[in-house]
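Trainee: What follows is a single structure, and I will ask about it in a moment.
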Amino acid sequence: MVIFGAGGDLAKRLLAPALCNLAEGGGLDEAFKVLGVDHKAKGDAAFADGLGAFLRGPGADGEGTSRPTKAAAAAWKWLEERLFYQAGEFEDPATYSALAARLEALGGEGGGNVLFYLAVAPRFFGDIVERLAAAGLTREANARFRRVVIEKPFGTDLASAKALNARVGKCLDEHQVYRIDHFLGKETVRNILVTRFANGVFEPVWNRLHIDHVQITASETVGVEGRGGYYDRAGALRDMVPSHLFQLLAMTAMETPNTFEADAVRAEKARVVEAVQLQSLSEASANSVRGQYRVGRVNGREVADYRHEPRVAARSHTETYVALKFTIDNWRWAGVPFYLRTGKALAARDTSVAIRFRRAPGHLFGPVAGPPAANTLILQIQPHEGVSLAFEAKRPGPDVELAPVRMDFRYADYFAAAPANGYETLLYDAMIGDPTQFAGAREIEFAWRAVEPFLQVGQDAGKVHGYAAGSAGPRQADDLMARDGRAWRPIG
Ligand code: BG6
């Protein structure tokens, strides 16, 4: 595995722990090796020491960082002996000839099977792929594979995503490209398809006849955490929506694939994203709310105004919160709105898909008990992974009074989960050549196409509403729902 950007945040916060966890579970071959590539000059030992110190140290813990458990100490030792480093600039052809020689030395004649992982700033994606190809490093011969994992964000709008797909497509066959979206490594995201398709009870009601609307939430308590330079240019919409939130939308809304093979699953996902209705600028303006956090407290911790975060412009109008309304124009979903929201420095961490069913008619309970509340099926992705169903029960007592109750399934109650940050399964899949849980080129382009009008509307600086850190976001997001006679689920 060759990691471009081996000195970066992603490599140490997520890839190294994931590799430890994989090693711990016996998921890596004895002959496995990691070759880190980055611009800083250092040797193999210094690279390994740096990673080891980070994994053991206090570091910047929290969301987005994952440390191997104590039990993984043996796995780290195993991995440490397999870490190598190659200094070089990503844009220098000499880096690639040195890399070729190094691969021969480490992987034997021809360099062996190689997974190139681009854990680098997005501006390098196209360039690195072209240089790898020019150096002959992406050629698959004698049954050896050459695959490239490309991190997000894949483009910054439709045009750039298309251009990147085209550049990559000139150098690699599609079967060699693994566009990673780490949400697809999360157990509960994978469980969406199992919940829907392995149970007789859900799929028959999974349509517009029974579902009123869908709410997809990715609420975070963290702020920009030192990523101001990147984030202030990206914003919540680009950072989360076409990738993570659209993956959740696709898994929730896709038709049943004929098989669980990669091609079948990816084709259905792309098809439903293609069916997301394209909105005019005035529709996009009416169907979106953008917010930016102001000073406040999150979990008892003081949070500064977003505009005072390091490397954020003092007059930034980048959104740290966005709420959007989409519709999908097909037989299953016509008339069922999908409301998406995501934000930073909010009251609670909550990543979930809530399916709100149509209300039962209220005439039976009438004036005494009032109309029954609508049932909601919640697919909870984070932090307490599980599935729950909110429904009505009779409150004990002489009168027929309704009370909302919940049936809860929590993963932790049933399964002893191995420590994982989601990258384990994706790395493993990329190594065994299973692209099912990776985004296809078309799917990504359709997502950008659907988001494009919102990007344009987002350039209007006047439309960013302040919200207090530690709140549930700007109140205008509530108005977006109230207008349709609906309300967001409380977060957390
Ligand atoms: C990343 C975004 O892709 O996903 C971050 O760039 C975000 O801004 C993160 O915090 C959320 O992922 P998770 O797994 O912590 O929910």
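Note on naming: chains are A, B, ... as they come in the structure tokens, residues start from 1 per chain, ligands start from 1 in the order shown.
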For ligand 1, collect every residue having any atom at a distance of at most 10 Å from a ligand atom (counting only C-alpha atoms and all ligand atoms); output as a VMD selection string.
Mentor: chain A and resid 62 to 66 151 to 153 180 to 186 218 to 225 227 230 to 231 234 to 236 238 to 241 243 to 244 320 342 to 344 349 to 351 381 to 383 421 to 423
Trainee: If you run DSSP on the backbone here, which positions in range 216-373 of chain A get strand (DSSP E or B)? Please write them as a ChimeraX atom specification.
Mentor: /A:216-219,276,288-294,296-298,301-303,321-326,328,338-343,346,350-357
Trainee: For the residues selected in the previous step, produce a file with N, CA and C atoms as a short mmCIF file (atom, residue, chain, number, x, y, z; two decimals), in the first residue's frame.
Mentor:
data_model
loop_
_atom_site.label_atom_id
_atom_site.label_comp_id
_atom_site.auth_asym_id
_atom_site.auth_seq_id
_atom_site.Cartn_x
_atom_site.Cartn_y
_atom_site.Cartn_z
N ILE A 216 -32.73 13.33 6.67
CA ILE A 216 -31.36 12.82 6.78
C ILE A 216 -30.53 13.87 7.52
N THR A 217 -29.95 13.45 8.62
CA THR A 217 -29.25 14.40 9.50
C THR A 217 -27.80 13.97 9.70
N ALA A 218 -26.88 14.92 9.60
CA ALA A 218 -25.50 14.65 10.04
C ALA A 218 -25.10 15.85 10.89
N SER A 219 -25.38 15.74 12.15
CA SER A 219 -25.12 16.84 13.08
C SER A 219 -23.84 16.54 13.85
N VAL A 276 -33.07 12.39 -8.76
CA VAL A 276 -33.29 13.54 -7.88
C VAL A 276 -33.62 14.74 -8.77
N SER A 288 -33.53 25.88 0.59
CA SER A 288 -32.28 25.72 1.33
C SER A 288 -32.13 26.81 2.39
N VAL A 289 -31.45 26.44 3.45
CA VAL A 289 -31.13 27.40 4.51
C VAL A 289 -29.67 27.18 4.87
N ARG A 290 -28.92 28.28 4.93
CA ARG A 290 -27.51 28.17 5.30
C ARG A 290 -27.27 28.90 6.61
N GLY A 291 -26.38 28.36 7.41
CA GLY A 291 -26.10 28.98 8.69
C GLY A 291 -24.61 28.96 8.99
N GLN A 292 -24.21 29.80 9.93
CA GLN A 292 -22.80 29.85 10.34
C GLN A 292 -22.76 30.00 11.86
N TYR A 293 -21.91 29.21 12.53
CA TYR A 293 -21.99 29.27 13.98
C TYR A 293 -21.33 30.50 14.57
N ARG A 294 -21.97 30.95 15.62
CA ARG A 294 -21.45 32.06 16.41
C ARG A 294 -21.00 31.50 17.75
N GLY A 296 -20.65 30.22 21.42
CA GLY A 296 -21.62 29.45 22.20
C GLY A 296 -20.92 28.35 22.99
N ARG A 297 -21.67 27.45 23.53
CA ARG A 297 -21.11 26.34 24.30
C ARG A 297 -21.64 25.03 23.74
N VAL A 298 -20.70 24.11 23.53
CA VAL A 298 -21.09 22.78 23.09
C VAL A 298 -20.60 21.79 24.13
N ARG A 301 -18.31 23.15 26.61
CA ARG A 301 -17.05 23.71 26.10
C ARG A 301 -17.35 25.00 25.35
N GLU A 302 -16.53 26.02 25.62
CA GLU A 302 -16.70 27.32 24.95
C GLU A 302 -16.29 27.18 23.48
N VAL A 303 -17.13 27.65 22.59
CA VAL A 303 -16.78 27.59 21.16
C VAL A 303 -16.77 29.02 20.61
N TYR A 321 -23.52 25.20 8.32
CA TYR A 321 -24.77 24.45 8.48
C TYR A 321 -25.54 24.62 7.19
N VAL A 322 -26.17 23.55 6.76
CA VAL A 322 -27.06 23.69 5.61
C VAL A 322 -28.24 22.73 5.76
N ALA A 323 -29.41 23.21 5.40
CA ALA A 323 -30.61 22.36 5.37
C ALA A 323 -31.19 22.47 3.97
N LEU A 324 -31.58 21.35 3.39
CA LEU A 324 -32.01 21.33 1.99
C LEU A 324 -33.22 20.44 1.82
N LYS A 325 -34.01 20.75 0.82
CA LYS A 325 -35.14 19.88 0.50
C LYS A 325 -35.00 19.39 -0.94
N PHE A 326 -35.06 18.07 -1.09
CA PHE A 326 -34.99 17.47 -2.42
C PHE A 326 -36.23 16.63 -2.67
N ILE A 328 -37.58 13.30 -5.36
CA ILE A 328 -37.11 12.28 -6.31
C ILE A 328 -38.31 11.93 -7.17
N PHE A 338 -37.37 14.72 0.64
CA PHE A 338 -36.20 14.30 1.41
C PHE A 338 -35.56 15.58 1.95
N TYR A 339 -35.57 15.72 3.26
CA TYR A 339 -34.96 16.89 3.90
C TYR A 339 -33.59 16.47 4.42
N LEU A 340 -32.56 17.23 4.04
CA LEU A 340 -31.20 16.91 4.46
C LEU A 340 -30.68 18.07 5.30
N ARG A 341 -29.98 17.78 6.37
CA ARG A 341 -29.34 18.87 7.14
C ARG A 341 -28.01 18.37 7.71
N THR A 342 -27.08 19.27 7.75
CA THR A 342 -25.79 18.94 8.36
C THR A 342 -25.19 20.21 8.92
N GLY A 343 -24.47 20.09 10.02
CA GLY A 343 -23.86 21.28 10.57
C GLY A 343 -22.81 20.97 11.61
N LEU A 346 -22.99 21.90 16.68
CA LEU A 346 -24.40 21.79 17.05
C LEU A 346 -24.51 21.13 18.44
N ASP A 350 -25.28 13.47 15.93
CA ASP A 350 -26.43 12.67 15.53
C ASP A 350 -26.38 12.50 14.02
N THR A 351 -26.07 11.30 13.58
CA THR A 351 -26.13 11.01 12.16
C THR A 351 -27.23 9.97 11.99
N SER A 352 -28.25 10.30 11.25
CA SER A 352 -29.39 9.38 11.19
C SER A 352 -30.24 9.61 9.94
N VAL A 353 -30.99 8.59 9.62
CA VAL A 353 -32.01 8.70 8.58
C VAL A 353 -33.33 8.40 9.27
N ALA A 354 -34.26 9.33 9.20
CA ALA A 354 -35.56 9.11 9.83
C ALA A 354 -36.63 8.99 8.75
N ILE A 355 -37.32 7.88 8.76
CA ILE A 355 -38.40 7.65 7.80
C ILE A 355 -39.70 7.96 8.54
N ARG A 356 -40.36 8.99 8.12
CA ARG A 356 -41.60 9.38 8.79
C ARG A 356 -42.78 8.83 7.98
N PHE A 357 -43.54 7.94 8.61
CA PHE A 357 -44.67 7.32 7.90
C PHE A 357 -45.89 8.23 7.95
#
Trainee: For the structure I just gave you, how does DSSP split range 14-86 of chain A - specifically, which residues are helix (DSSP H, G or I)? Reply as a ChimeraX atom specification.
Mentor: /A:14-24,44-56,70-80
Trainee: For the selection just defined, write its residues with N, CA, C and O atoms to a file, as a compact mmCIF listing (two decimals), in the first residue's frame.
Mentor:
# COMPACT_ATOMS: atom_id res chain seq x y z
N LEU A 14 -6.60 8.32 10.80
CA LEU A 14 -7.56 7.29 10.39
C LEU A 14 -6.93 6.07 9.72
O LEU A 14 -7.28 4.94 10.04
N LEU A 15 -5.98 6.29 8.79
CA LEU A 15 -5.46 5.13 8.07
C LEU A 15 -4.60 4.24 8.97
O LEU A 15 -4.76 3.02 8.98
N ALA A 16 -3.68 4.86 9.73
CA ALA A 16 -2.81 4.04 10.58
C ALA A 16 -3.63 3.24 11.61
O ALA A 16 -3.43 2.02 11.74
N PRO A 17 -4.57 3.88 12.33
CA PRO A 17 -5.39 3.08 13.25
C PRO A 17 -6.18 1.97 12.54
O PRO A 17 -6.30 0.86 13.05
N ALA A 18 -6.68 2.29 11.34
CA ALA A 18 -7.46 1.27 10.61
C ALA A 18 -6.57 0.09 10.24
O ALA A 18 -6.99 -1.07 10.33
N LEU A 19 -5.33 0.38 9.84
CA LEU A 19 -4.42 -0.71 9.49
C LEU A 19 -4.09 -1.55 10.73
O LEU A 19 -4.00 -2.78 10.65
N CYS A 20 -3.93 -0.88 11.88
CA CYS A 20 -3.70 -1.62 13.13
C CYS A 20 -4.89 -2.54 13.42
O CYS A 20 -4.71 -3.70 13.76
N ASN A 21 -6.08 -1.98 13.29
CA ASN A 21 -7.27 -2.78 13.56
C ASN A 21 -7.39 -3.96 12.59
O ASN A 21 -7.77 -5.06 12.98
N LEU A 22 -7.03 -3.70 11.33
CA LEU A 22 -7.08 -4.79 10.35
C LEU A 22 -6.05 -5.87 10.69
O LEU A 22 -6.33 -7.06 10.63
N ALA A 23 -4.86 -5.42 11.08
CA ALA A 23 -3.80 -6.37 11.44
C ALA A 23 -4.25 -7.19 12.64
O ALA A 23 -4.09 -8.42 12.68
N GLU A 24 -4.84 -6.51 13.59
CA GLU A 24 -5.32 -7.16 14.81
C GLU A 24 -6.33 -8.26 14.48
O GLU A 24 -6.32 -9.34 15.07
N ASP A 44 12.78 5.63 6.97
CA ASP A 44 11.74 4.66 7.34
C ASP A 44 11.45 4.71 8.85
O ASP A 44 10.31 4.74 9.28
N ALA A 45 12.55 4.71 9.64
CA ALA A 45 12.38 4.62 11.10
C ALA A 45 11.68 5.85 11.64
O ALA A 45 10.79 5.75 12.49
N ALA A 46 12.06 7.02 11.11
CA ALA A 46 11.44 8.26 11.61
C ALA A 46 9.95 8.28 11.27
O ALA A 46 9.12 8.75 12.06
N PHE A 47 9.61 7.76 10.11
CA PHE A 47 8.20 7.70 9.70
C PHE A 47 7.42 6.81 10.69
O PHE A 47 6.36 7.20 11.22
N ALA A 48 7.97 5.64 10.95
CA ALA A 48 7.30 4.71 11.86
C ALA A 48 7.22 5.29 13.27
O ALA A 48 6.17 5.21 13.92
N ASP A 49 8.30 5.93 13.69
CA ASP A 49 8.30 6.51 15.05
C ASP A 49 7.23 7.59 15.17
O ASP A 49 6.54 7.69 16.17
N GLY A 50 7.13 8.41 14.13
CA GLY A 50 6.16 9.50 14.15
C GLY A 50 4.74 8.97 14.28
O GLY A 50 3.94 9.45 15.08
N LEU A 51 4.44 7.94 13.50
CA LEU A 51 3.08 7.37 13.56
C LEU A 51 2.84 6.74 14.93
O LEU A 51 1.78 6.93 15.54
N GLY A 52 3.84 6.02 15.40
CA GLY A 52 3.71 5.34 16.70
C GLY A 52 3.48 6.34 17.81
O GLY A 52 2.60 6.15 18.67
N ALA A 53 4.24 7.43 17.78
CA ALA A 53 4.11 8.44 18.84
C ALA A 53 2.70 9.04 18.79
O ALA A 53 2.07 9.26 19.82
N PHE A 54 2.21 9.27 17.60
CA PHE A 54 0.86 9.84 17.49
C PHE A 54 -0.18 8.87 18.05
O PHE A 54 -1.08 9.26 18.79
N LEU A 55 -0.04 7.61 17.69
CA LEU A 55 -1.05 6.62 18.11
C LEU A 55 -1.04 6.42 19.63
O LEU A 55 -2.07 6.14 20.22
N ARG A 56 0.13 6.57 20.23
CA ARG A 56 0.21 6.39 21.68
C ARG A 56 -0.13 7.67 22.44
O ARG A 56 -0.61 7.62 23.56
N LYS A 70 -5.68 -0.67 23.39
CA LYS A 70 -4.46 -1.24 23.98
C LYS A 70 -4.18 -2.61 23.38
O LYS A 70 -3.05 -2.99 23.14
N ALA A 71 -5.27 -3.35 23.16
CA ALA A 71 -5.13 -4.71 22.62
C ALA A 71 -4.39 -4.70 21.29
O ALA A 71 -3.84 -5.70 20.86
N ALA A 72 -4.40 -3.53 20.64
CA ALA A 72 -3.79 -3.48 19.32
C ALA A 72 -2.29 -3.22 19.38
O ALA A 72 -1.66 -3.05 18.35
N ALA A 73 -1.72 -3.19 20.58
CA ALA A 73 -0.28 -2.93 20.70
C ALA A 73 0.52 -3.94 19.89
O ALA A 73 1.49 -3.59 19.21
N ALA A 74 0.10 -5.20 19.96
CA ALA A 74 0.81 -6.24 19.21
C ALA A 74 0.66 -5.99 17.71
O ALA A 74 1.59 -6.19 16.93
N ALA A 75 -0.54 -5.54 17.34
CA ALA A 75 -0.78 -5.28 15.92
C ALA A 75 0.10 -4.13 15.44
O ALA A 75 0.63 -4.15 14.34
N TRP A 76 0.27 -3.12 16.30
CA TRP A 76 1.14 -2.00 15.93
C TRP A 76 2.56 -2.48 15.71
O TRP A 76 3.24 -2.10 14.76
N LYS A 77 3.03 -3.36 16.56
CA LYS A 77 4.38 -3.91 16.41
C LYS A 77 4.53 -4.61 15.06
O LYS A 77 5.52 -4.47 14.36
N TRP A 78 3.50 -5.37 14.75
CA TRP A 78 3.48 -6.11 13.47
C TRP A 78 3.56 -5.12 12.30
O TRP A 78 4.32 -5.29 11.37
N LEU A 79 2.78 -4.06 12.44
CA LEU A 79 2.70 -3.08 11.36
C LEU A 79 3.99 -2.25 11.26
O LEU A 79 4.50 -1.98 10.16
N GLU A 80 4.49 -1.90 12.41
CA GLU A 80 5.68 -1.04 12.48
C GLU A 80 6.83 -1.59 11.65
O GLU A 80 7.56 -0.86 10.99
Trainee: Can you tell me which residues surround Thr138 in chain A at a distance of at most 12 Å, considering only C-alpha atoms, apart from same-chain residues fewer than 3 positions away, and format the answer as a PyMOL selection string?
Mentor: chain A and resi 96+100+110-116+128-135+141+144-148+168+170-173+175-177
Trainee: Using only C-alpha atoms, which protein or nucleic acid residues come within 6 Å of range 398-415 of chain A? Drop anything in the same chain fewer than 4 positions from it, and give the result as a list of chain:residue names.
Mentor: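 Answer for this query is A:Ala369, A:Glu385, A:Gly386, A:Val387, A:Ser388, A:Leu389, A:Ala390, A:Phe391, A:Glu392, A:Ala393, A:Lys394.
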Trainee: What does the file look like for those residues with all heavy atoms, as a compact mmCIF listing (two decimals), in the first residue's frame?
Mentor:
# COMPACT_ATOMS: atom_id res chain seq x y z
N ALA A 369 -58.27 11.47 23.00
CA ALA A 369 -56.85 11.17 22.92
C ALA A 369 -56.11 12.02 21.89
O ALA A 369 -54.88 12.09 21.90
CB ALA A 369 -56.68 9.70 22.59
N GLU A 385 -25.23 3.29 17.42
CA GLU A 385 -25.65 2.64 16.18
C GLU A 385 -26.84 1.72 16.42
O GLU A 385 -26.82 0.89 17.34
CB GLU A 385 -24.49 1.82 15.63
CG GLU A 385 -23.23 2.64 15.47
CD GLU A 385 -22.07 1.79 15.01
OE1 GLU A 385 -21.83 0.74 15.64
OE2 GLU A 385 -21.42 2.19 14.04
N GLY A 386 -27.85 1.84 15.62
CA GLY A 386 -29.01 0.97 15.79
C GLY A 386 -30.18 1.37 14.92
O GLY A 386 -30.05 2.19 14.01
N VAL A 387 -31.30 0.76 15.19
CA VAL A 387 -32.53 1.06 14.46
C VAL A 387 -33.64 1.13 15.49
O VAL A 387 -33.70 0.31 16.39
CB VAL A 387 -32.87 -0.07 13.45
CG1 VAL A 387 -34.16 0.24 12.71
CG2 VAL A 387 -31.73 -0.28 12.46
N SER A 388 -34.50 2.14 15.37
CA SER A 388 -35.62 2.16 16.31
C SER A 388 -36.88 2.61 15.62
O SER A 388 -36.85 3.31 14.60
CB SER A 388 -35.29 3.01 17.53
OG SER A 388 -35.19 4.34 17.14
N LEU A 389 -37.99 2.19 16.20
CA LEU A 389 -39.29 2.52 15.63
C LEU A 389 -40.11 3.22 16.70
O LEU A 389 -40.30 2.68 17.80
CB LEU A 389 -40.00 1.23 15.18
CG LEU A 389 -41.39 1.44 14.58
CD1 LEU A 389 -41.31 2.15 13.22
CD2 LEU A 389 -42.11 0.09 14.40
N ALA A 390 -40.54 4.43 16.38
CA ALA A 390 -41.40 5.16 17.32
C ALA A 390 -42.84 4.91 16.92
O ALA A 390 -43.20 5.05 15.75
CB ALA A 390 -41.08 6.65 17.24
N PHE A 391 -43.62 4.48 17.87
CA PHE A 391 -45.03 4.22 17.57
C PHE A 391 -45.90 4.56 18.77
O PHE A 391 -45.40 4.93 19.84
CB PHE A 391 -45.23 2.78 17.08
CG PHE A 391 -44.94 1.73 18.11
CD1 PHE A 391 -45.98 1.03 18.73
CD2 PHE A 391 -43.64 1.42 18.47
CE1 PHE A 391 -45.71 0.05 19.68
CE2 PHE A 391 -43.36 0.45 19.41
CZ PHE A 391 -44.40 -0.24 20.02
N GLU A 392 -47.19 4.42 18.60
CA GLU A 392 -48.13 4.82 19.64
C GLU A 392 -48.54 3.63 20.48
O GLU A 392 -48.76 2.53 19.96
CB GLU A 392 -49.37 5.44 19.00
CG GLU A 392 -49.10 6.71 18.23
CD GLU A 392 -48.87 7.91 19.12
OE1 GLU A 392 -47.70 8.12 19.51
OE2 GLU A 392 -49.84 8.62 19.43
N ALA A 393 -48.69 3.84 21.78
CA ALA A 393 -49.18 2.78 22.67
C ALA A 393 -50.26 3.38 23.55
O ALA A 393 -50.39 4.61 23.66
CB ALA A 393 -48.04 2.25 23.52
N LYS A 394 -51.01 2.51 24.20
CA LYS A 394 -52.03 3.01 25.11
C LYS A 394 -51.40 3.29 26.47
O LYS A 394 -50.70 2.45 27.03
CB LYS A 394 -53.15 1.97 25.28
CG LYS A 394 -54.25 2.45 26.21
CD LYS A 394 -55.25 1.35 26.51
CE LYS A 394 -56.14 1.77 27.67
NZ LYS A 394 -55.39 2.07 28.91
Trainee: Might you pull out every residue within 9 Å of Ser282 in chain A, with only C-alpha atoms counted and same-chain residues fewer than 5 positions away left off, and present them as a list in words?
Mentor: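 Skipping anything fewer than 5 positions along the chain leaves Asn287, Pro453 and Val457 of chain A.
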Trainee: Restricting the output to N, CA, C and O atoms, write the selected residues as a PDB file, in the first residue's frame.
Mentor:
ATOM      1  N   ASN A 287     -35.633  26.293  -1.152  1.00  0.00           N
ATOM      2  CA  ASN A 287     -35.489  24.981  -0.521  1.00  0.00           C
ATOM      3  C   ASN A 287     -34.160  24.793   0.195  1.00  0.00           C
ATOM      4  O   ASN A 287     -33.679  23.666   0.338  1.00  0.00           O
ATOM      5  N   PRO A 453     -27.358  23.848  -8.273  1.00  0.00           N
ATOM      6  CA  PRO A 453     -28.124  25.094  -8.060  1.00  0.00           C
ATOM      7  C   PRO A 453     -27.971  25.633  -6.642  1.00  0.00           C
ATOM      8  O   PRO A 453     -27.976  26.854  -6.439  1.00  0.00           O
ATOM      9  N   VAL A 457     -26.792  29.393  -5.511  1.00  0.00           N
ATOM     10  CA  VAL A 457     -27.572  30.201  -4.576  1.00  0.00           C
ATOM     11  C   VAL A 457     -26.708  30.558  -3.361  1.00  0.00           C
ATOM     12  O   VAL A 457     -26.815  31.643  -2.799  1.00  0.00           O
TER      13      VAL A 457
END
Trainee: Rounded to one decimal place, report the CA of Ala105 in chain A-CA of Glu81 in chain A distance in Å.
Mentor: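 Separating CA of Ala105 in chain A from CA of Glu81 in chain A is a distance of 15.6 Å.
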Trainee: So that I can check the surroundings of Thr195 in chain A, please list as a list of chain:residue names every protein, DNA and RNA residue that reaches within 12 Å of it, counting only C-alpha atoms and ignoring chain neighbours fewer than 3 positions away.
Mentor: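 Listed by chain and then number, they are A:Glu187, A:Thr188, A:Val189, A:Arg190, A:Asn191, A:Ile192, A:Ala198, A:Asn199, A:Gly200, A:Val201, A:Phe202, A:Glu203, A:Trp206, A:Met251, A:Thr252, A:Leu377, A:Ile378, A:Leu379, A:Gln380, A:Gly386, A:Val387, A:Ser388, A:Phe409.
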Trainee: One decimal, in Å: what's the spacing between CA of Ala87 in chain A and CA of Arg123 in chain A?
Mentor: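 Between CA of Ala87 in chain A and CA of Arg123 in chain A the gap works out to 19.2 Å.
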Trainee: From the set A:Ala482, A:Ala262, A:Ala163, A:Ile491, which residue has the shortest atom-to-atom contact distance to Pro435 in chain A, counting only C-alpha atoms?
Mentor: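 Closest candidate: A:Ala262.
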Trainee: Using only C-alpha atoms, which residues sit within 7 Å of Phe84 in chain A once same-chain residues fewer than 6 positions away are excluded, as a list in words?
Mentor: Val34, Leu35, Gly36 and Asp44 of chain A
Trainee: What is the CA of Met431 in chain A to CA of Glu174 in chain A distance in Å?
Mentor: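 Atom-to-atom, CA of Met431 in chain A to CA of Glu174 in chain A, that is 15.4 Å.
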Trainee: Go through A:Gly108, A:Gly462, A:Gly226, A:Pro490 one by one, measure the shortest atom-to-atom distance of each to Arg315 in chain A using only C-alpha atoms, and give the residue with the smallest value.
Mentor: A:Gly462
Trainee: Hey, which of A:Ile3, A:Val272, A:Ala284, A:Leu237 ends up closest to Leu427 in chain A? Count only C-alpha atoms.
Mentor: A:Ile3
